[in-house]
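Text of query_11.csv (CSV, C-alpha atoms and all ligand atoms) as supplied:
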```csv
chain,number,residue,atom,x,y,z
G,1,MET,CA,0.0,0.0,0.0
G,2,ILE,CA,1.2,3.5,-0.8
G,3,PRO,CA,1.6,5.9,2.2
G,4,ILE,CA,-0.4,9.1,2.1
G,5,LEU,CA,2.5,10.8,3.8
G,6,GLU,CA,6.2,9.9,3.8
G,7,THR,CA,8.8,11.8,5.8
G,8,PRO,CA,12.5,11.1,6.2
G,9,LEU,CA,11.5,9.0,9.3
G,10,GLY,CA,7.9,8.0,8.9
G,11,ARG,CA,5.1,6.5,6.9
G,12,LEU,CA,1.4,7.3,7.3
G,13,TYR,CA,-1.3,5.2,5.7
G,14,GLU,CA,-4.9,6.4,5.2
G,15,ALA,CA,-6.4,3.0,5.9
G,16,ASP,CA,-8.0,0.7,8.4
G,17,CYS,CA,-5.3,-0.1,11.0
G,18,LEU,CA,-6.2,-3.8,11.0
G,19,LYS,CA,-5.1,-3.9,7.4
G,20,ILE,CA,-1.9,-2.0,8.0
G,21,LEU,CA,-1.0,-4.1,11.0
G,22,ALA,CA,-1.5,-7.3,9.0
G,23,GLY,CA,1.0,-6.1,6.4
G,24,LEU,CA,3.9,-5.3,8.9
G,25,GLN,CA,6.8,-7.6,9.6
G,26,PRO,CA,6.6,-9.5,12.9
G,27,ASN,CA,9.0,-8.4,15.6
G,28,SER,CA,9.8,-5.1,13.8
G,29,VAL,CA,8.5,-2.4,16.2
G,30,ASP,CA,10.2,-1.1,19.4
G,31,LEU,CA,7.3,0.9,20.8
G,32,ALA,CA,3.6,0.5,20.0
G,33,PHE,CA,1.2,3.0,21.4
G,34,ALA,CA,-2.6,3.1,20.9
G,35,ASP,CA,-5.3,5.7,21.7
G,36,PRO,CA,-8.4,4.2,20.1
G,37,PRO,CA,-11.9,5.6,20.1
G,38,PHE,CA,-13.4,4.9,23.6
G,39,ASN,CA,-16.9,3.8,22.4
G,40,LEU,CA,-18.5,6.8,24.1
G,41,GLY,CA,-20.7,7.8,21.2
G,42,LYS,CA,-18.4,10.6,20.0
G,43,LYS,CA,-18.4,12.0,16.5
G,44,TYR,CA,-15.2,11.5,14.5
G,45,SER,CA,-14.3,13.1,11.2
G,46,SER,CA,-13.7,9.5,10.0
G,47,ASN,CA,-17.4,8.7,10.7
G,48,ILE,CA,-16.6,5.5,12.6
G,49,ASP,CA,-19.3,3.9,14.7
G,50,ASP,CA,-18.3,4.9,18.3
G,51,SER,CA,-21.3,3.3,20.1
G,52,ARG,CA,-21.0,-0.4,19.5
G,53,ALA,CA,-22.2,-3.2,21.7
G,54,GLU,CA,-19.7,-3.8,24.5
G,55,HIS,CA,-18.7,-7.2,23.3
G,56,GLU,CA,-18.3,-5.9,19.8
G,57,TYR,CA,-16.0,-3.1,20.9
G,58,LEU,CA,-13.9,-5.4,23.0
G,59,ASP,CA,-13.6,-8.0,20.2
G,60,TRP,CA,-12.5,-5.2,17.8
G,61,CYS,CA,-9.9,-4.0,20.4
G,62,ARG,CA,-8.5,-7.5,20.9
G,63,ALA,CA,-8.1,-7.8,17.1
G,64,TRP,CA,-5.8,-4.8,16.7
G,65,LEU,CA,-4.1,-5.5,20.0
G,66,ASP,CA,-3.2,-9.0,18.6
G,67,GLY,CA,-1.7,-7.2,15.6
G,68,MET,CA,0.3,-4.8,17.8
G,69,VAL,CA,1.7,-7.7,19.9
G,70,ARG,CA,2.7,-9.6,16.8
G,71,VAL,CA,4.7,-6.8,15.3
G,72,LEU,CA,6.4,-5.8,18.6
G,73,LYS,CA,10.1,-6.8,18.9
G,74,PRO,CA,11.1,-8.9,21.9
G,75,GLY,CA,11.8,-6.4,24.7
G,76,GLY,CA,9.5,-3.9,22.8
G,77,SER,CA,7.0,-1.8,24.8
G,78,LEU,CA,3.2,-1.5,24.3
G,79,PHE,CA,1.2,1.4,25.8
G,80,LEU,CA,-2.6,1.5,25.7
G,81,TRP,CA,-4.5,4.7,26.5
G,82,ASN,CA,-8.1,4.3,27.4
G,83,ILE,CA,-10.7,4.9,30.1
G,84,PRO,CA,-10.4,2.6,33.1
G,85,LYS,CA,-13.6,0.7,32.2
G,86,TRP,CA,-12.1,-0.7,29.0
G,87,ASN,CA,-8.5,-0.9,30.1
G,88,LEU,CA,-9.5,-3.2,33.0
G,89,GLN,CA,-10.6,-5.8,30.5
G,90,LEU,CA,-8.0,-5.1,27.8
G,91,GLY,CA,-5.3,-5.2,30.3
G,92,ALA,CA,-6.4,-8.6,31.5
G,93,TYR,CA,-6.3,-9.7,27.8
G,94,LEU,CA,-2.8,-8.3,27.2
G,95,ASN,CA,-1.6,-9.9,30.4
G,96,GLN,CA,-1.9,-13.3,28.7
G,97,LYS,CA,0.5,-12.3,26.0
G,98,LEU,CA,2.9,-9.7,27.4
G,99,THR,CA,4.5,-8.8,30.7
G,100,PHE,CA,2.7,-6.2,32.8
G,101,ARG,CA,4.9,-3.2,33.8
G,102,HIS,CA,2.6,-0.4,35.0
G,103,TRP,CA,-0.9,1.0,35.2
G,104,ILE,CA,-0.1,4.7,34.9
G,105,THR,CA,-2.8,7.0,36.1
G,106,VAL,CA,-2.9,10.2,34.1
G,107,ASP,CA,-4.9,12.8,36.0
G,108,ILE,CA,-7.0,14.7,33.4
G,109,LYS,CA,-10.7,15.4,33.8
G,110,TYR,CA,-12.2,13.7,30.8
G,111,SER,CA,-16.0,14.3,31.0
G,112,LEU,CA,-18.6,16.1,32.9
G,113,PRO,CA,-19.7,14.9,36.3
G,114,ILE,CA,-22.1,12.0,36.1
G,115,PRO,CA,-25.0,11.8,38.6
G,116,LYS,CA,-24.6,9.2,41.3
G,117,ARG,CA,-21.0,8.4,40.1
G,118,LEU,CA,-17.6,9.7,41.1
G,119,TYR,CA,-16.3,12.4,38.8
G,120,PRO,CA,-14.1,10.7,36.1
G,121,SER,CA,-10.7,12.3,36.6
G,122,HIS,CA,-8.1,10.0,35.1
G,123,TYR,CA,-7.2,8.0,32.1
G,124,ALA,CA,-5.5,4.6,32.4
G,125,LEU,CA,-2.2,4.2,30.5
G,126,LEU,CA,-1.3,0.6,30.5
G,127,TYR,CA,2.4,-0.3,29.9
G,128,PHE,CA,3.3,-3.9,28.9
G,129,VAL,CA,6.5,-5.3,27.5
G,130,LYS,CA,7.1,-8.3,25.2
G,131,GLY,CA,9.2,-10.8,27.1
G,132,LYS,CA,10.6,-10.4,30.6
G,133,LYS,CA,12.0,-6.9,30.6
G,134,PRO,CA,12.1,-3.8,28.3
G,135,ALA,CA,15.0,-3.5,25.9
G,136,ILE,CA,14.8,0.3,26.4
G,137,PHE,CA,13.8,2.1,29.6
G,138,HIS,CA,14.9,5.6,30.5
G,139,PRO,CA,12.1,7.5,32.1
G,140,ASP,CA,12.3,11.3,32.3
G,141,ARG,CA,12.9,12.9,35.6
G,142,ILE,CA,10.5,15.8,36.4
G,143,PRO,CA,10.8,19.1,38.1
G,144,VAL,CA,9.5,19.6,41.7
G,145,PRO,CA,6.0,21.1,41.8
G,146,CYS,CA,6.3,24.8,42.5
G,147,CYS,CA,3.9,27.6,43.3
G,148,ARG,CA,2.8,29.6,40.3
G,149,HIS,CA,3.0,32.7,42.4
G,150,CYS,CA,6.4,32.7,44.2
G,151,GLY,CA,8.1,29.7,42.6
G,152,GLY,CA,8.6,28.1,46.0
G,153,GLU,CA,8.4,24.3,46.3
G,154,LEU,CA,4.9,23.1,47.1
G,155,ARG,CA,6.3,20.3,49.2
G,156,ASP,CA,8.7,20.6,52.1
G,157,TYR,CA,11.7,18.4,51.1
G,158,GLY,CA,13.2,19.3,54.6
G,159,GLY,CA,16.5,17.8,55.5
G,160,TYR,CA,16.6,15.9,52.2
G,161,LYS,CA,17.0,19.0,50.0
G,162,ASP,CA,20.7,18.6,49.7
G,163,LYS,CA,20.3,15.0,48.5
G,164,MET,CA,17.9,15.8,45.6
G,165,ASN,CA,19.1,14.8,42.2
G,166,PRO,CA,19.7,18.0,40.2
G,167,ARG,CA,18.1,16.3,37.2
G,168,GLY,CA,14.7,16.3,39.0
G,169,VAL,CA,12.5,13.8,40.8
G,170,ASN,CA,11.7,10.3,39.9
G,171,LEU,CA,8.8,9.8,37.6
G,172,SER,CA,6.0,7.9,39.4
G,173,ASP,CA,3.0,6.0,38.0
G,174,VAL,CA,0.7,8.9,38.7
G,175,TRP,CA,1.1,11.7,36.2
G,176,THR,CA,-0.5,15.0,37.3
G,177,ASP,CA,1.4,17.3,35.0
G,178,ILE,CA,-0.1,16.5,31.6
G,179,PRO,CA,-2.1,19.4,30.3
G,180,PRO,CA,-5.4,19.0,28.4
G,181,VAL,CA,-5.0,20.2,24.8
G,182,ARG,CA,-7.1,23.4,25.0
G,183,HIS,CA,-4.7,26.0,23.9
G,184,ALA,CA,-6.3,28.5,21.5
G,185,LYS,CA,-3.5,27.8,19.0
G,186,TYR,CA,-4.6,24.1,18.7
G,187,LYS,CA,-8.4,24.9,18.3
G,188,LYS,CA,-8.4,23.5,14.8
G,189,ARG,CA,-7.2,20.2,16.0
G,190,ASP,CA,-9.4,17.2,16.8
G,191,ALA,CA,-10.9,17.4,20.3
G,192,ASN,CA,-9.3,14.0,21.0
G,193,ALA,CA,-5.7,15.2,20.4
G,194,LEU,CA,-3.3,14.1,23.2
G,195,ALA,CA,-0.8,16.4,24.7
G,196,LEU,CA,2.6,16.5,23.0
G,197,LYS,CA,4.1,16.3,26.5
G,198,LEU,CA,2.5,12.9,27.1
G,199,MET,CA,3.8,11.5,23.8
G,200,ASP,CA,7.2,12.9,24.3
G,201,ARG,CA,7.4,11.3,27.7
G,202,ILE,CA,6.3,7.8,26.4
G,203,ILE,CA,8.6,8.0,23.4
G,204,SER,CA,11.6,9.2,25.5
G,205,MET,CA,11.0,6.4,28.0
G,206,ALA,CA,10.7,3.4,25.7
G,207,SER,CA,12.5,4.2,22.5
G,208,ASP,CA,15.9,5.5,21.3
G,209,PRO,CA,16.8,7.6,18.3
G,210,GLY,CA,16.3,5.4,15.2
G,211,SER,CA,13.8,3.1,17.0
G,212,VAL,CA,10.5,2.3,15.3
G,213,VAL,CA,7.3,3.7,16.9
G,214,LEU,CA,3.9,2.5,15.8
G,215,ASP,CA,0.5,4.1,16.5
G,216,PRO,CA,-2.5,2.6,14.6
G,217,PHE,CA,-4.9,5.5,15.5
G,218,GLY,CA,-3.4,8.7,14.2
G,219,GLY,CA,-6.1,11.2,15.1
G,220,SER,CA,-4.3,14.6,14.8
G,221,GLY,CA,-0.9,12.9,14.6
G,222,THR,CA,0.6,13.7,18.0
G,223,THR,CA,2.5,10.5,18.2
G,224,TYR,CA,4.0,10.9,14.8
G,225,VAL,CA,5.0,14.5,15.5
G,226,ALA,CA,6.7,13.5,18.8
G,227,ALA,CA,8.4,10.6,17.0
G,228,GLU,CA,9.6,12.7,14.0
G,229,LEU,CA,10.9,15.6,16.1
G,230,ASN,CA,12.7,13.2,18.5
G,231,GLY,CA,14.4,11.4,15.7
G,232,ARG,CA,12.4,8.1,15.8
G,233,ARG,CA,11.2,6.2,12.8
G,234,TRP,CA,7.4,5.8,12.8
G,235,ILE,CA,4.5,4.0,11.2
G,236,GLY,CA,0.9,5.3,11.4
G,237,ALA,CA,-2.6,4.5,10.3
G,238,GLU,CA,-5.7,6.8,10.3
G,239,LEU,CA,-9.0,6.6,8.4
G,240,HIS,CA,-9.1,10.4,7.8
G,241,CYS,CA,-5.7,12.0,7.5
G,242,ARG,CA,-6.4,15.6,6.6
G,243,THR,CA,-5.5,17.0,10.1
G,244,ILE,CA,-2.2,15.1,10.2
G,245,LEU,CA,-1.3,16.2,6.7
G,246,ASP,CA,-2.0,19.8,7.6
G,247,ARG,CA,0.0,19.5,10.8
G,248,PHE,CA,3.0,18.1,9.0
G,249,GLU,CA,2.8,20.9,6.5
G,250,ASN,CA,4.3,23.2,9.1
G,251,LEU,CA,5.8,21.6,12.2
G,252,ASN,CA,7.3,24.9,13.5
G,253,ASP,CA,4.7,25.3,16.3
G,254,ASP,CA,5.2,21.7,17.5
G,255,ARG,CA,9.0,22.1,17.2
G,256,ASP,CA,8.9,25.2,19.5
G,257,HIS,CA,6.5,23.5,21.9
G,258,LEU,CA,8.7,20.4,22.1
G,259,ALA,CA,11.8,22.5,22.7
G,260,GLU,CA,10.0,24.1,25.7
G,261,ILE,CA,9.0,20.7,27.0
G,262,HIS,CA,12.6,19.5,26.7
G,263,VAL,CA,14.2,22.4,28.6
G,264,ASN,CA,11.7,21.8,31.4
G,265,LYS,CA,12.3,18.1,32.0
G,266,ASN,CA,15.3,16.4,33.7
G,267,VAL,CA,15.7,19.5,35.8
G,268,LEU,CA,14.7,20.4,39.3
G,269,PHE,CA,13.0,23.6,38.4
G,270,THR,CA,11.2,24.7,35.3
G,271,ARG,CA,12.3,27.9,33.6
G,272,ALA,CA,9.1,29.6,34.8
G,273,SER,CA,9.7,28.5,38.4
G,274,LEU,CA,13.2,29.8,38.3
G,275,ALA,CA,12.0,33.2,37.0
G,276,ARG,CA,9.3,33.4,39.7
G,277,ARG,CA,11.8,32.5,42.4
G,278,LYS,CA,14.1,35.2,41.2
G,279,LYS,CA,11.4,37.8,41.2
G,280,ALA,CA,10.2,36.7,44.7
G,281,GLY,CA,13.7,36.9,46.1
G,282,ARG,CA,14.1,33.1,46.4
G,283,PRO,CA,17.5,32.8,44.7
G,284,LEU,CA,19.0,29.4,44.1
G,285,SER,CA,22.6,28.4,43.6
G,286,GLN,CA,23.4,26.8,40.2
G,287,ASP,CA,23.3,23.4,42.0
G,288,TYR,CA,20.1,23.2,43.9
G,289,ARG,CA,21.7,20.6,46.1
G,290,VAL,CA,23.9,23.0,48.0
G,291,ASP,CA,21.0,25.3,48.8
G,292,ALA,CA,19.5,23.8,51.9
G,293,ASN,CA,18.2,27.0,53.4
G,294,GLY,CA,15.3,28.0,51.1
G,295,SER,CA,11.9,27.6,52.6
G,296,PRO,CA,9.0,26.0,50.7
G,297,CYS,CA,6.1,28.1,49.4
G,298,GLU,CA,4.0,29.8,52.1
G,299,CYS,CA,1.6,31.6,49.9
G,300,PRO,CA,-2.1,31.2,50.6
G,301,PRO,CA,-3.6,28.3,48.6
G,302,VAL,CA,-5.5,30.7,46.3
G,303,ASP,CA,-2.2,32.1,45.0
G,304,ARG,CA,-0.4,28.7,44.7
G,305,ASP,CA,-2.9,27.5,42.1
G,306,GLN,CA,-1.7,24.5,40.3
G,307,PRO,CA,1.8,23.4,39.5
G,308,ASP,CA,3.1,24.4,36.0
G,309,LEU,CA,1.0,22.3,33.7
G,310,PHE,CA,1.0,24.2,30.4
G,311,LEU,CA,4.3,23.2,28.9
O,401,LIG,C1,-8.8,9.0,20.0
O,401,LIG,S1,-8.3,9.4,18.4
O,401,LIG,C2,-6.6,9.4,18.4
O,401,LIG,C3,-6.0,10.7,18.8
O,401,LIG,C4,-4.5,10.8,18.7
O,401,LIG,N1,-3.9,10.0,19.7
O,401,LIG,C5,-4.0,12.3,18.8
O,401,LIG,O1,-3.3,12.6,19.7
O,401,LIG,O2,-4.5,13.1,18.0
O,401,LIG,C6,-8.7,7.9,17.5
O,401,LIG,C7,-8.6,8.0,16.0
O,401,LIG,O3,-8.7,6.6,15.5
O,401,LIG,C8,-9.2,6.7,14.2
O,401,LIG,N2,-9.7,5.4,13.9
O,401,LIG,C9,-10.8,4.7,14.3
O,401,LIG,N3,-10.9,3.5,13.8
O,401,LIG,C10,-9.8,3.3,13.0
O,401,LIG,C11,-9.3,2.3,12.2
O,401,LIG,N4,-10.0,1.1,12.1
O,401,LIG,N5,-8.1,2.4,11.5
O,401,LIG,C12,-7.4,3.6,11.6
O,401,LIG,N6,-7.8,4.6,12.4
O,401,LIG,C13,-9.0,4.5,13.0
O,401,LIG,C14,-10.3,7.8,14.3
O,401,LIG,O4,-10.6,8.3,13.0
O,401,LIG,C15,-9.6,8.8,15.3
O,401,LIG,O5,-9.0,9.8,14.6
```

Take the structure in the file and give it back as structure tokens.
Amino acid sequence: MIPILETPLGRLYEADCLKILAGLQPNSVDLAFADPPFNLGKKYSSNIDDSRAEHEYLDWCRAWLDGMVRVLKPGGSLFLWNIPKWNLQLGAYLNQKLTFRHWITVDIKYSLPIPKRLYPSHYALLYFVKGKKPAIFHPDRIPVPCCRHCGGELRDYGGYKDKMNPRGVNLSDVWTDIPPVRHAKYKKRDANALALKLMDRIISMASDPGSVVLDPFGGSGTTYVAAELNGRRWIGAELHCRTILDRFENLNDDRDHLAEIHVNKNVLFTRASLARRKKAGRPLSQDYRVDANGSPCECPPVDRDQPDLFL
């Protein structure tokens, strides 16, 4: 099949992902990621049926998951993004074929409150590996959460301050720093677009430059953009590719956005926090570890707001 888009690193097919998966070589992909429709009755520009019977939806998911497992290299990683209701069942299915690594909770409100239910506030990101352990695993370290007012740390790291790694804190399996994609600049994009920061984190963790990244559900192409700009090879499928083609016409905004994401990871403080600290008279030495005297943020909660999300 002829790709609708070919870049120096990637190939995008405007086709059903089941067909594309069937045509790929077994054991050829280092990282497979999927963000399928969630069967919540949404309207997609590809006009797919997003309100199937439960068993039909799950059967369909199992079919493309089988395809993804087949093409994954030994030691390759598979990530599955969905709401907990579906990932509970799809995770149990994958557990028969791959090795479970993590259920990552990504804290983003994804719908309106539902009467008599808890407010849905997270997505489930499942992380499996083919074989016993991942061939590639280098998770980002992240900055300490800081006050948006004074730049002070929101947690008191007390006596351990001088022991903190200057490259930031360990990534946990709860991610609270992934922004929803609501920026005015991205209005044209599909409402389902994932944050570039999320895809950059997954790609950085489980692939190396030159690795092959696969995403069978392109949407607005966030995975492909993150792969392309991070020097990974990539393979994509999408039934309606217009948005991705438009996005690849001019990658400058994404390139700038990714550069901003990169300067703010693997550091103890984001650029914004450093600037706020300076303004608020909370200077830091170059190496945060030698500064054990700074006190954490004491602003009233209303000023603290949320940690820096919008990177
Ligand atoms: C939730 S969106 C993916 C969003 C994407 N992760 C992003 O960041 O923009 C799911 C996409 O899967 C596409 N899709 C649905 N069924 C498909 C199929 N059988 N083959 C290929 N793409 C499909 C839909 O058109 C939709 O764009």

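Excluding G:Gly151 and any residue on its chain fewer than 5 positions from it, the residues at most 7 Å away by all atoms listed in the file are Cys146, Ser273, Leu274, Arg276 and Arg277 of chain G.
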
Rank G:Asn87, G:His122, G:Val129, G:Gly219 by their smallest atom-to-atom distance to G:Thr243, using all atoms listed in the file, and report the top residue only.
G:Gly219

Please extract the residues at most 7 Å from ligand LIG 401 (chain O), counting only C-alpha atoms and all ligand atoms, and provide them as a compact mmCIF listing (two decimals) with C-alpha atoms, keeping the file's coordinate frame, using the chain letters and residue numbers of this document.
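Written output follows (pocket_34.txt):
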```
# COMPACT_ATOMS: atom_id res chain seq x y z
CA ALA G 15 -6.40 3.00 5.90
CA ASP G 16 -8.00 0.70 8.40
CA CYS G 17 -5.30 -0.10 11.00
CA LEU G 18 -6.20 -3.80 11.00
CA ASP G 35 -5.30 5.70 21.70
CA PRO G 36 -8.40 4.20 20.10
CA PRO G 37 -11.90 5.60 20.10
CA TYR G 44 -15.20 11.50 14.50
CA SER G 45 -14.30 13.10 11.20
CA SER G 46 -13.70 9.50 10.00
CA ILE G 48 -16.60 5.50 12.60
CA ASP G 190 -9.40 17.20 16.80
CA ASN G 192 -9.30 14.00 21.00
CA ALA G 193 -5.70 15.20 20.40
CA LEU G 194 -3.30 14.10 23.20
CA ALA G 195 -0.80 16.40 24.70
CA PRO G 216 -2.50 2.60 14.60
CA PHE G 217 -4.90 5.50 15.50
CA GLY G 218 -3.40 8.70 14.20
CA GLY G 219 -6.10 11.20 15.10
CA SER G 220 -4.30 14.60 14.80
CA GLY G 221 -0.90 12.90 14.60
CA THR G 222 0.60 13.70 18.00
CA THR G 223 2.50 10.50 18.20
CA ALA G 237 -2.60 4.50 10.30
CA GLU G 238 -5.70 6.80 10.30
CA LEU G 239 -9.00 6.60 8.40
CA HIS G 240 -9.10 10.40 7.80
```

Of G:Trp175, G:Trp103, G:Phe33, G:Tyr157, the one nearest to G:Ile142 when counting only C-alpha atoms is G:Trp175

So how many Å separate atom CA of G:Lys161 and atom CA of G:Ile108, to one decimal?
29.5 Å

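Ranking G:Ile203, G:Met68, G:Ile178, G:Leu171 by their shortest atom-to-atom distance to G:Lys130, with all atoms listed in the file included, puts G:Met68 first.
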
Would you kindly return, as a ChimeraX atom specification, each protein, DNA or RNA residue with an atom no farther than 6 Å from any atom of G:Pro3, considering all atoms listed in the file and excluding same-chain residues fewer than 3 positions away?
/G:11-13
